[in-house]
file my_file_25.pdb (PDB, C-alpha atoms)
ATOM      1  CA  MET Z   1     -40.469  15.414  -6.495
ATOM      2  CA  LEU Z   2     -40.067  15.338  -2.691
ATOM      3  CA  GLY Z   3     -41.246  18.853  -1.973
ATOM      4  CA  SER Z   4     -40.518  20.247   1.477
ATOM      5  CA  ARG Z   5     -40.987  16.921   3.274
ATOM      6  CA  ARG Z   6     -38.264  15.828   5.680
ATOM      7  CA  THR Z   7     -35.973  13.597   3.679
ATOM      8  CA  LEU Z   8     -33.247  11.036   4.269
ATOM      9  CA  VAL Z   9     -30.364  10.910   1.801
ATOM     10  CA  VAL Z  10     -28.499   7.601   1.715
ATOM     11  CA  THR Z  11     -25.379   7.355  -0.393
ATOM     12  CA  ASP Z  12     -22.948   4.665  -1.409
ATOM     13  CA  VAL Z  13     -19.360   5.604  -0.573
ATOM     14  CA  ASP Z  14     -16.687   4.384  -3.014
ATOM     15  CA  SER Z  15     -16.868   6.188  -6.376
ATOM     16  CA  THR Z  16     -20.010   7.967  -5.147
ATOM     17  CA  LEU Z  17     -19.453   9.923  -1.922
ATOM     18  CA  ILE Z  18     -15.680   9.724  -2.418
ATOM     19  CA  GLN Z  19     -13.629   9.621  -5.589
ATOM     20  CA  GLU Z  20     -11.635   6.487  -4.792
ATOM     21  CA  GLU Z  21     -12.198   2.759  -4.294
ATOM     22  CA  VAL Z  22     -10.808   2.190  -0.803
ATOM     23  CA  ILE Z  23     -10.028  -1.493  -1.280
ATOM     24  CA  GLU Z  24      -7.836  -0.616  -4.256
ATOM     25  CA  LEU Z  25      -5.922   1.928  -2.178
ATOM     26  CA  LEU Z  26      -5.367  -0.739   0.472
ATOM     27  CA  ALA Z  27      -4.381  -3.345  -2.115
ATOM     28  CA  ALA Z  28      -1.752  -0.966  -3.524
ATOM     29  CA  HIS Z  29       0.145  -1.397  -0.248
ATOM     30  CA  ALA Z  30       0.256  -5.126  -0.953
ATOM     31  CA  GLY Z  31       1.328  -4.661  -4.579
ATOM     32  CA  ARG Z  32      -1.985  -6.127  -5.810
ATOM     33  CA  GLU Z  33      -3.958  -3.034  -6.838
ATOM     34  CA  ALA Z  34      -4.475  -4.034 -10.488
ATOM     35  CA  GLU Z  35      -5.692  -7.516  -9.558
ATOM     36  CA  VAL Z  36      -8.134  -6.190  -6.970
ATOM     37  CA  ALA Z  37      -9.333  -3.383  -9.259
ATOM     38  CA  ALA Z  38     -10.228  -5.892 -11.975
ATOM     39  CA  VAL Z  39     -12.349  -7.928  -9.545
ATOM     40  CA  THR Z  40     -13.988  -4.762  -8.185
ATOM     41  CA  GLU Z  41     -14.964  -3.659 -11.682
ATOM     42  CA  ARG Z  42     -16.593  -7.015 -12.427
ATOM     43  CA  ALA Z  43     -18.460  -6.968  -9.116
ATOM     44  CA  MET Z  44     -19.762  -3.441  -9.754
ATOM     45  CA  ARG Z  45     -21.022  -4.545 -13.173
ATOM     46  CA  GLY Z  46     -22.934  -7.357 -11.469
ATOM     47  CA  GLU Z  47     -20.861 -10.115 -13.049
ATOM     48  CA  LEU Z  48     -19.727 -11.533  -9.686
ATOM     49  CA  ASP Z  49     -21.458 -12.188  -6.388
ATOM     50  CA  PHE Z  50     -20.537  -9.194  -4.270
ATOM     51  CA  ALA Z  51     -19.942 -11.007  -0.970
ATOM     52  CA  ALA Z  52     -17.776 -13.690  -2.578
ATOM     53  CA  SER Z  53     -15.813 -11.098  -4.524
ATOM     54  CA  LEU Z  54     -15.271  -9.031  -1.386
ATOM     55  CA  HIS Z  55     -13.884 -11.983   0.549
ATOM     56  CA  HIS Z  56     -11.571 -12.731  -2.382
ATOM     57  CA  ARG Z  57     -10.318  -9.143  -2.565
ATOM     58  CA  VAL Z  58      -9.861  -8.805   1.192
ATOM     59  CA  GLN Z  59      -7.654 -11.909   1.202
ATOM     60  CA  ALA Z  60      -5.178  -9.863  -0.831
ATOM     61  CA  LEU Z  61      -4.770  -7.567   2.182
ATOM     62  CA  LYS Z  62      -3.659 -10.295   4.573
ATOM     63  CA  GLY Z  63      -0.545  -9.370   6.515
ATOM     64  CA  LEU Z  64      -0.664  -5.624   5.894
ATOM     65  CA  PRO Z  65       0.135  -3.573   9.004
ATOM     66  CA  VAL Z  66      -2.949  -1.983  10.520
ATOM     67  CA  ARG Z  67      -1.396   1.469  10.122
ATOM     68  CA  VAL Z  68      -2.159   1.373   6.381
ATOM     69  CA  ILE Z  69      -5.853   1.824   7.202
ATOM     70  CA  ALA Z  70      -5.190   5.260   8.703
ATOM     71  CA  GLU Z  71      -2.908   6.129   5.787
ATOM     72  CA  VAL Z  72      -5.628   5.228   3.294
ATOM     73  CA  ALA Z  73      -8.269   7.099   5.303
ATOM     74  CA  GLU Z  74      -6.168  10.240   4.850
ATOM     75  CA  GLN Z  75      -5.983   9.645   1.080
ATOM     76  CA  VAL Z  76      -9.712   9.585   0.374
ATOM     77  CA  THR Z  77     -11.234  12.715  -1.124
ATOM     78  CA  PRO Z  78     -14.934  13.623  -1.144
ATOM     79  CA  MET Z  79     -16.618  13.690  -4.512
ATOM     80  CA  PRO Z  80     -16.908  17.262  -5.838
ATOM     81  CA  GLY Z  81     -20.068  18.790  -4.420
ATOM     82  CA  ALA Z  82     -20.412  16.194  -1.651
ATOM     83  CA  LEU Z  83     -19.871  18.720   1.126
ATOM     84  CA  ASP Z  84     -22.379  21.060  -0.513
ATOM     85  CA  LEU Z  85     -25.002  18.311  -0.757
ATOM     86  CA  ILE Z  86     -24.598  17.376   2.908
ATOM     87  CA  ALA Z  87     -24.648  21.007   4.045
ATOM     88  CA  ALA Z  88     -27.724  21.775   1.942
ATOM     89  CA  ALA Z  89     -29.548  18.723   3.285
ATOM     90  CA  HIS Z  90     -28.834  19.680   6.888
ATOM     91  CA  ALA Z  91     -29.691  23.333   6.285
ATOM     92  CA  ASN Z  92     -33.130  22.222   5.121
ATOM     93  CA  GLY Z  93     -33.705  19.889   8.073
ATOM     94  CA  HIS Z  94     -32.905  16.622   6.294
ATOM     95  CA  ARG Z  95     -30.714  13.665   7.298
ATOM     96  CA  VAL Z  96     -27.777  12.024   5.515
ATOM     97  CA  GLY Z  97     -26.337   8.524   5.820
ATOM     98  CA  ALA Z  98     -23.647   6.546   4.020
ATOM     99  CA  VAL Z  99     -23.650   2.778   3.589
ATOM    100  CA  SER Z 100     -20.659   1.050   2.070
ATOM    101  CA  GLY Z 101     -19.429  -2.287   0.842
ATOM    102  CA  GLY Z 102     -16.062  -0.900   1.954
ATOM    103  CA  PHE Z 103     -14.746  -0.652   5.479
ATOM    104  CA  ILE Z 104     -15.949   1.023   8.649
ATOM    105  CA  GLN Z 105     -12.384   1.777   9.785
ATOM    106  CA  VAL Z 106     -12.193   4.226   6.865
ATOM    107  CA  LEU Z 107     -15.826   5.332   6.799
ATOM    108  CA  GLU Z 108     -16.082   6.289  10.488
ATOM    109  CA  PRO Z 109     -13.511   9.117  10.379
ATOM    110  CA  LEU Z 110     -14.912  10.235   7.032
ATOM    111  CA  ALA Z 111     -18.461  10.300   8.417
ATOM    112  CA  GLN Z 112     -17.301  12.366  11.369
ATOM    113  CA  ALA Z 113     -15.429  14.804   9.144
ATOM    114  CA  LEU Z 114     -18.405  15.224   6.794
ATOM    115  CA  GLY Z 115     -20.992  15.413   9.566
ATOM    116  CA  LEU Z 116     -23.004  12.402   8.455
ATOM    117  CA  ASP Z 117     -25.919  11.275  10.613
ATOM    118  CA  HIS Z 118     -25.552   7.548   9.873
ATOM    119  CA  ALA Z 119     -22.799   5.235   8.613
ATOM    120  CA  GLN Z 120     -22.451   1.506   8.040
ATOM    121  CA  ALA Z 121     -19.738  -0.590   6.369
ATOM    122  CA  ASN Z 122     -17.817  -3.836   6.685
ATOM    123  CA  GLU Z 123     -15.214  -4.361   9.388
ATOM    124  CA  LEU Z 124     -11.746  -5.502   8.393
ATOM    125  CA  GLY Z 125     -10.345  -8.259  10.573
ATOM    126  CA  VAL Z 126      -7.273  -7.223  12.570
ATOM    127  CA  ARG Z 127      -5.099  -9.330  14.844
ATOM    128  CA  ASP Z 128      -1.735  -8.582  16.431
ATOM    129  CA  GLY Z 129      -1.439  -5.338  14.500
ATOM    130  CA  VAL Z 130      -1.954  -6.774  11.023
ATOM    131  CA  LEU Z 131      -4.906  -7.371   8.731
ATOM    132  CA  THR Z 132      -6.156 -10.958   8.794
ATOM    133  CA  GLY Z 133      -7.460 -10.923   5.216
ATOM    134  CA  THR Z 134     -11.011 -11.451   6.462
ATOM    135  CA  VAL Z 135     -14.187  -9.469   7.081
ATOM    136  CA  GLU Z 136     -15.700  -9.575  10.570
ATOM    137  CA  GLY Z 137     -19.425 -10.367  10.627
ATOM    138  CA  PRO Z 138     -21.959 -10.314   7.789
ATOM    139  CA  VAL Z 139     -20.965  -8.564   4.577
ATOM    140  CA  VAL Z 140     -22.647  -5.267   3.748
ATOM    141  CA  ASP Z 141     -24.082  -6.337   0.393
ATOM    142  CA  ARG Z 142     -26.957  -4.984  -1.687
ATOM    143  CA  ALA Z 143     -29.610  -6.374   0.696
ATOM    144  CA  ALA Z 144     -27.812  -4.911   3.709
ATOM    145  CA  LYS Z 145     -27.700  -1.504   2.040
ATOM    146  CA  ALA Z 146     -31.462  -1.542   1.572
ATOM    147  CA  ALA Z 147     -31.890  -2.697   5.176
ATOM    148  CA  ALA Z 148     -29.798   0.246   6.352
ATOM    149  CA  LEU Z 149     -32.097   2.681   4.565
ATOM    150  CA  ARG Z 150     -35.143   1.097   6.212
ATOM    151  CA  ARG Z 151     -33.493   1.119   9.643
ATOM    152  CA  TRP Z 152     -32.451   4.765   9.385
ATOM    153  CA  CYS Z 153     -35.918   5.721   8.144
ATOM    154  CA  ALA Z 154     -37.379   4.151  11.271
ATOM    155  CA  ALA Z 155     -34.851   5.891  13.515
ATOM    156  CA  ASP Z 156     -35.501   9.287  11.907
ATOM    157  CA  ASP Z 157     -39.285   8.816  11.483
ATOM    158  CA  ILE Z 158     -39.041   9.283   7.716
ATOM    159  CA  LYS Z 159     -40.987   7.257   5.157
ATOM    160  CA  ALA Z 160     -39.020   5.268   2.589
ATOM    161  CA  THR Z 161     -40.851   7.209  -0.105
ATOM    162  CA  HIS Z 162     -39.225  10.362   1.294
ATOM    163  CA  THR Z 163     -35.682   9.177   0.667
ATOM    164  CA  VAL Z 164     -33.009   9.872  -1.936
ATOM    165  CA  ALA Z 165     -30.407   7.193  -2.668
ATOM    166  CA  LEU Z 166     -27.174   7.586  -4.608
ATOM    167  CA  GLY Z 167     -25.035   4.787  -6.014
ATOM    168  CA  ASP Z 168     -22.955   3.647  -8.941
ATOM    169  CA  GLY Z 169     -22.689  -0.148  -8.979
ATOM    170  CA  ALA Z 170     -24.719  -3.351  -8.990
ATOM    171  CA  ASN Z 171     -24.460  -3.704  -5.213
ATOM    172  CA  ASP Z 172     -26.513  -0.484  -4.913
ATOM    173  CA  LEU Z 173     -29.452  -1.946  -6.827
ATOM    174  CA  ASP Z 174     -31.672  -2.819  -3.849
ATOM    175  CA  LEU Z 175     -30.916   0.509  -2.173
ATOM    176  CA  LEU Z 176     -31.934   2.517  -5.209
ATOM    177  CA  THR Z 177     -34.956   0.328  -5.892
ATOM    178  CA  ILE Z 178     -36.613   1.030  -2.530
ATOM    179  CA  ALA Z 179     -35.697   4.725  -2.335
ATOM    180  CA  GLY Z 180     -38.213   7.421  -3.136
ATOM    181  CA  TYR Z 181     -35.828   8.912  -5.665
ATOM    182  CA  ALA Z 182     -32.832   7.013  -7.063
ATOM    183  CA  VAL Z 183     -29.768   8.783  -8.426
ATOM    184  CA  GLY Z 184     -27.137   6.922 -10.420
ATOM    185  CA  VAL Z 185     -23.686   8.544 -10.229
ATOM    186  CA  ARG Z 186     -22.181   7.552 -13.562
ATOM    187  CA  PRO Z 187     -23.879   4.195 -12.943
ATOM    188  CA  LYS Z 188     -22.844   0.843 -14.326
ATOM    189  CA  PRO Z 189     -25.354  -0.599 -16.852
ATOM    190  CA  ALA Z 190     -26.704  -3.049 -14.242
ATOM    191  CA  LEU Z 191     -27.961  -0.086 -12.202
ATOM    192  CA  ARG Z 192     -29.381   2.198 -14.868
ATOM    193  CA  ASN Z 193     -32.910   0.789 -14.953
ATOM    194  CA  ALA Z 194     -33.308   1.480 -11.231
ATOM    195  CA  CYS Z 195     -32.369   5.166 -11.578
ATOM    196  CA  ASP Z 196     -34.864   8.019 -11.614
ATOM    197  CA  GLY Z 197     -32.029  10.387 -12.447
ATOM    198  CA  VAL Z 198     -28.499   9.880 -13.744
ATOM    199  CA  LEU Z 199     -25.447  12.075 -13.181
ATOM    200  CA  GLY Z 200     -23.183  11.956 -16.202
ATOM    201  CA  VAL Z 201     -20.474  13.697 -14.184
ATOM    202  CA  ARG Z 202     -19.465  12.978 -10.626
ATOM    203  CA  ARG Z 203     -20.608  16.228  -9.015
ATOM    204  CA  LEU Z 204     -23.044  15.832  -6.136
ATOM    205  CA  ASP Z 205     -24.145  19.419  -5.586
ATOM    206  CA  THR Z 206     -26.270  19.014  -8.702
ATOM    207  CA  VAL Z 207     -28.448  16.675  -6.614
ATOM    208  CA  SER Z 208     -29.192  19.289  -3.935
ATOM    209  CA  ALA Z 209     -29.838  21.846  -6.659
ATOM    210  CA  ALA Z 210     -32.295  19.516  -8.408
ATOM    211  CA  LEU Z 211     -34.089  18.928  -5.107
ATOM    212  CA  GLY Z 212     -34.395  22.680  -4.524
ATOM    213  CA  TRP Z 213     -32.196  22.669  -1.426
ATOM    214  CA  SER Z 214     -29.644  25.166  -2.651
TER     215      SER Z 214
END

call {"tool": "encode", "arguments": {"input": "my_file_25.pdb", "output": "structure tokens"}}
result
Amino acid sequence: MLGSRRTLVVTDVDSTLIQEEVIELLAAHAGREAEVAAVTERAMRGELDFAASLHHRVQALKGLPVRVIAEVAEQVTPMPGALDLIAAAHANGHRVGAVSGGFIQVLEPLAQALGLDHAQANELGVRDGVLTGTVEGPVVDRAAKAAALRRWCAADDIKATHTVALGDGANDLDLLTIAGYAVGVRPKPALRNACDGVLGVRRLDTVSAALGWS
């Protein structure tokens, strides 16, 4: 498939690299988890524009104290086998990045803990110690995820054909389409046609095993 060539692995975060949906954990603090989860599900199926749906969901977080971000960051748990995949990639001289439609305030400590080489996500607006209910700057949508893969390929001197991408929802479509090998992690139907391989269970060490890294 990719042989021994230096490879870049780029993974989605929510419900792919980690088991949770971070925005739903945040929304639980505002008593609006069910409402936000329903919108997230529709967005991941490709029924809603991702950027518009994100702005709508983030509005539900307005007024939450900024401390809830750290509390949620402590709640997230890596997907089974995620640590093994990252360790196997690094042991074989490869690189690993995570790009998320979630939030950098949660992804940054996670990336540091997991030893990721690259990370990109949205930034939650914060003012006077509370969430503003907005996203700062451009939304990390499906096009931005693909752009991140290209940018990290350039930085690491790796061809796009020598990449592996993992995702589960419609906003991962562009990322998986341009990757050398696309892995759907229990993917939504909107993503299935872009997948070269599909994981029926959320266990990421099967990816490193399939690639011959472990």

call {"tool": "resolve_selection", "arguments": {"input": "my_file_25.pdb", "expression": "the PyMOL selection byres ((chain Z and resi 60-64) around 9)", "output": "list in words"}}
result
Ile23, Leu26, Ala27, His29, Ala30, Arg32, Val36, His56, Arg57, Val58, Gln59, Pro65, Val66, Arg67, Val68, Gly129, Val130, Leu131, Thr132, Gly133 and Thr134 of chain Z

call {"tool": "resolve_selection", "arguments": {"input": "my_file_25.pdb", "expression": "the PyMOL selection byres ((chain Z and resi 101) around 10)", "output": "JSON, numbers by chain"}}
result
{"Z": [12, 13, 14, 22, 23, 50, 51, 54, 99, 100, 102, 103, 104, 120, 121, 122, 123, 139, 140, 141, 142, 144, 145, 171, 172]}

call {"tool": "closest_residue", "arguments": {"input": "my_file_25.pdb", "among": "Z:Leu107, Z:Leu8, Z:Ala52, Z:Cys195", "to": "Lys159 in chain Z", "atoms": "all atoms listed in the file"}}
result
Z:Leu8

call {"tool": "atom_distance", "arguments": {"input": "my_file_25.pdb", "atom1": "CA of Gly180 in chain Z", "atom2": "CA of Thr163 in chain Z"}}
result
4.9 Å

call {"tool": "closest_residue", "arguments": {"input": "my_file_25.pdb", "among": "Z:Pro187, Z:Gly212, Z:Gly115, Z:Gly167", "to": "Thr11 in chain Z", "atoms": "all atoms listed in the file"}}
result
Z:Gly167

call {"tool": "closest_atom_pairs", "arguments": {"input": "my_file_25.pdb", "of": "range 59-98 of chain Z", "to": "range 109-113 of chain Z", "cutoff": "12 Å", "atoms": "only C-alpha atoms", "output": "JSON lines"}}
result
{"residue": "Z:Ile69", "atom": "CA", "partner": "Z:Pro109", "partner_atom": "CA", "distance": 11.0}
{"residue": "Z:Ala70", "atom": "CA", "partner": "Z:Pro109", "partner_atom": "CA", "distance": 9.3}
{"residue": "Z:Glu71", "atom": "CA", "partner": "Z:Pro109", "partner_atom": "CA", "distance": 11.9}
{"residue": "Z:Val72", "atom": "CA", "partner": "Z:Leu110", "partner_atom": "CA", "distance": 11.2}
{"residue": "Z:Ala73", "atom": "CA", "partner": "Z:Leu110", "partner_atom": "CA", "distance": 7.5}
{"residue": "Z:Glu74", "atom": "CA", "partner": "Z:Leu110", "partner_atom": "CA", "distance": 9.0}
{"residue": "Z:Gln75", "atom": "CA", "partner": "Z:Leu110", "partner_atom": "CA", "distance": 10.7}
{"residue": "Z:Val76", "atom": "CA", "partner": "Z:Leu110", "partner_atom": "CA", "distance": 8.5}
{"residue": "Z:Thr77", "atom": "CA", "partner": "Z:Leu110", "partner_atom": "CA", "distance": 9.3}
{"residue": "Z:Pro78", "atom": "CA", "partner": "Z:Leu110", "partner_atom": "CA", "distance": 8.9}
{"residue": "Z:Ala82", "atom": "CA", "partner": "Z:Ala111", "partner_atom": "CA", "distance": 11.8}
{"residue": "Z:Leu83", "atom": "CA", "partner": "Z:Ala113", "partner_atom": "CA", "distance": 10.0}
{"residue": "Z:Ile86", "atom": "CA", "partner": "Z:Ala111", "partner_atom": "CA", "distance": 10.9}
{"residue": "Z:Val96", "atom": "CA", "partner": "Z:Ala111", "partner_atom": "CA", "distance": 9.9}
{"residue": "Z:Gly97", "atom": "CA", "partner": "Z:Ala111", "partner_atom": "CA", "distance": 8.5}
{"residue": "Z:Ala98", "atom": "CA", "partner": "Z:Ala111", "partner_atom": "CA", "distance": 7.8}

call {"tool": "closest_residue", "arguments": {"input": "my_file_25.pdb", "among": "Z:Ala148, Z:Ala43, Z:Ala165, Z:Ala160", "to": "Arg5 in chain Z", "atoms": "all atoms listed in the file"}}
result
Z:Ala160

call {"tool": "atom_distance", "arguments": {"input": "my_file_25.pdb", "atom1": "CA of Ala119 in chain Z", "atom2": "CA of Thr40 in chain Z"}}
result
21.4 Å

call {"tool": "atom_distance", "arguments": {"input": "my_file_25.pdb", "atom1": "CA of Lys188 in chain Z", "atom2": "CA of Gly46 in chain Z"}}
result
8.7 Å

call {"tool": "residues_around", "arguments": {"input": "my_file_25.pdb", "residues": "Arg203 in chain Z", "least_positions_apart": "5", "cutoff": "7 Å", "atoms": "only C-alpha atoms", "output": "PDB file with C-alpha atoms, keeping the file's coordinate frame"}}
result
ATOM      1  CA  MET Z  79     -16.618  13.690  -4.512  1.00  0.00           C
ATOM      2  CA  PRO Z  80     -16.908  17.262  -5.838  1.00  0.00           C
ATOM      3  CA  GLY Z  81     -20.068  18.790  -4.420  1.00  0.00           C
TER       4      GLY Z  81
END

call {"tool": "decode", "arguments": {"input": "my_file_25.pdb", "residues": "range 144-167 of chain Z", "atoms": "N, CA and C atoms", "output": "PDB file, in the first residue's frame"}}
result
ATOM      1  N   ALA Z 144     -10.652  23.204   4.864  1.00  0.00           N
ATOM      2  CA  ALA Z 144      -9.521  23.538   5.722  1.00  0.00           C
ATOM      3  C   ALA Z 144      -8.781  22.285   6.179  1.00  0.00           C
ATOM      4  N   LYS Z 145      -9.505  21.199   6.372  1.00  0.00           N
ATOM      5  CA  LYS Z 145      -8.855  19.949   6.761  1.00  0.00           C
ATOM      6  C   LYS Z 145      -7.945  19.444   5.645  1.00  0.00           C
ATOM      7  N   ALA Z 146      -8.423  19.513   4.415  1.00  0.00           N
ATOM      8  CA  ALA Z 146      -7.592  19.112   3.287  1.00  0.00           C
ATOM      9  C   ALA Z 146      -6.383  20.030   3.144  1.00  0.00           C
ATOM     10  N   ALA Z 147      -6.586  21.324   3.368  1.00  0.00           N
ATOM     11  CA  ALA Z 147      -5.492  22.289   3.293  1.00  0.00           C
ATOM     12  C   ALA Z 147      -4.436  22.005   4.354  1.00  0.00           C
ATOM     13  N   ALA Z 148      -4.865  21.570   5.520  1.00  0.00           N
ATOM     14  CA  ALA Z 148      -3.915  21.222   6.579  1.00  0.00           C
ATOM     15  C   ALA Z 148      -3.039  20.056   6.157  1.00  0.00           C
ATOM     16  N   LEU Z 149      -3.637  19.040   5.547  1.00  0.00           N
ATOM     17  CA  LEU Z 149      -2.839  17.911   5.065  1.00  0.00           C
ATOM     18  C   LEU Z 149      -1.793  18.382   4.065  1.00  0.00           C
ATOM     19  N   ARG Z 150      -2.199  19.220   3.119  1.00  0.00           N
ATOM     20  CA  ARG Z 150      -1.243  19.718   2.117  1.00  0.00           C
ATOM     21  C   ARG Z 150      -0.129  20.527   2.778  1.00  0.00           C
ATOM     22  N   ARG Z 151      -0.493  21.374   3.730  1.00  0.00           N
ATOM     23  CA  ARG Z 151       0.497  22.224   4.393  1.00  0.00           C
ATOM     24  C   ARG Z 151       1.493  21.383   5.190  1.00  0.00           C
ATOM     25  N   TRP Z 152       1.007  20.378   5.894  1.00  0.00           N
ATOM     26  CA  TRP Z 152       1.899  19.534   6.684  1.00  0.00           C
ATOM     27  C   TRP Z 152       2.755  18.652   5.784  1.00  0.00           C
ATOM     28  N   CYS Z 153       2.224  18.233   4.657  1.00  0.00           N
ATOM     29  CA  CYS Z 153       3.040  17.499   3.680  1.00  0.00           C
ATOM     30  C   CYS Z 153       4.223  18.352   3.230  1.00  0.00           C
ATOM     31  N   ALA Z 154       3.953  19.611   2.931  1.00  0.00           N
ATOM     32  CA  ALA Z 154       5.013  20.511   2.493  1.00  0.00           C
ATOM     33  C   ALA Z 154       6.044  20.706   3.594  1.00  0.00           C
ATOM     34  N   ALA Z 155       5.577  20.876   4.826  1.00  0.00           N
ATOM     35  CA  ALA Z 155       6.491  21.099   5.946  1.00  0.00           C
ATOM     36  C   ALA Z 155       7.361  19.872   6.218  1.00  0.00           C
ATOM     37  N   ASP Z 156       6.808  18.687   6.011  1.00  0.00           N
ATOM     38  CA  ASP Z 156       7.521  17.446   6.318  1.00  0.00           C
ATOM     39  C   ASP Z 156       8.176  16.815   5.091  1.00  0.00           C
ATOM     40  N   ASP Z 157       8.033  17.468   3.927  1.00  0.00           N
ATOM     41  CA  ASP Z 157       8.584  16.952   2.664  1.00  0.00           C
ATOM     42  C   ASP Z 157       8.064  15.537   2.377  1.00  0.00           C
ATOM     43  N   ILE Z 158       6.745  15.412   2.449  1.00  0.00           N
ATOM     44  CA  ILE Z 158       6.064  14.144   2.187  1.00  0.00           C
ATOM     45  C   ILE Z 158       5.014  14.382   1.105  1.00  0.00           C
ATOM     46  N   LYS Z 159       4.945  13.504   0.126  1.00  0.00           N
ATOM     47  CA  LYS Z 159       3.952  13.641  -0.932  1.00  0.00           C
ATOM     48  C   LYS Z 159       2.559  13.308  -0.403  1.00  0.00           C
ATOM     49  N   ALA Z 160       1.552  13.957  -0.970  1.00  0.00           N
ATOM     50  CA  ALA Z 160       0.174  13.683  -0.553  1.00  0.00           C
ATOM     51  C   ALA Z 160      -0.206  12.230  -0.794  1.00  0.00           C
ATOM     52  N   THR Z 161       0.407  11.611  -1.782  1.00  0.00           N
ATOM     53  CA  THR Z 161       0.129  10.201  -2.054  1.00  0.00           C
ATOM     54  C   THR Z 161       0.711   9.284  -0.985  1.00  0.00           C
ATOM     55  N   HIS Z 162       1.569   9.841  -0.123  1.00  0.00           N
ATOM     56  CA  HIS Z 162       2.183   9.060   0.950  1.00  0.00           C
ATOM     57  C   HIS Z 162       1.556   9.422   2.296  1.00  0.00           C
ATOM     58  N   THR Z 163       0.262   9.663   2.274  1.00  0.00           N
ATOM     59  CA  THR Z 163      -0.445  10.033   3.498  1.00  0.00           C
ATOM     60  C   THR Z 163      -1.560   9.038   3.793  1.00  0.00           C
ATOM     61  N   VAL Z 164      -1.911   8.968   5.074  1.00  0.00           N
ATOM     62  CA  VAL Z 164      -3.056   8.189   5.545  1.00  0.00           C
ATOM     63  C   VAL Z 164      -3.962   9.150   6.297  1.00  0.00           C
ATOM     64  N   ALA Z 165      -5.237   9.174   5.958  1.00  0.00           N
ATOM     65  CA  ALA Z 165      -6.188  10.049   6.647  1.00  0.00           C
ATOM     66  C   ALA Z 165      -7.274   9.210   7.292  1.00  0.00           C
ATOM     67  N   LEU Z 166      -7.679   9.631   8.491  1.00  0.00           N
ATOM     68  CA  LEU Z 166      -8.735   8.949   9.229  1.00  0.00           C
ATOM     69  C   LEU Z 166      -9.841   9.947   9.562  1.00  0.00           C
ATOM     70  N   GLY Z 167     -11.087   9.521   9.379  1.00  0.00           N
ATOM     71  CA  GLY Z 167     -12.214  10.382   9.716  1.00  0.00           C
ATOM     72  C   GLY Z 167     -13.490   9.583   9.826  1.00  0.00           C
TER      73      GLY Z 167
END
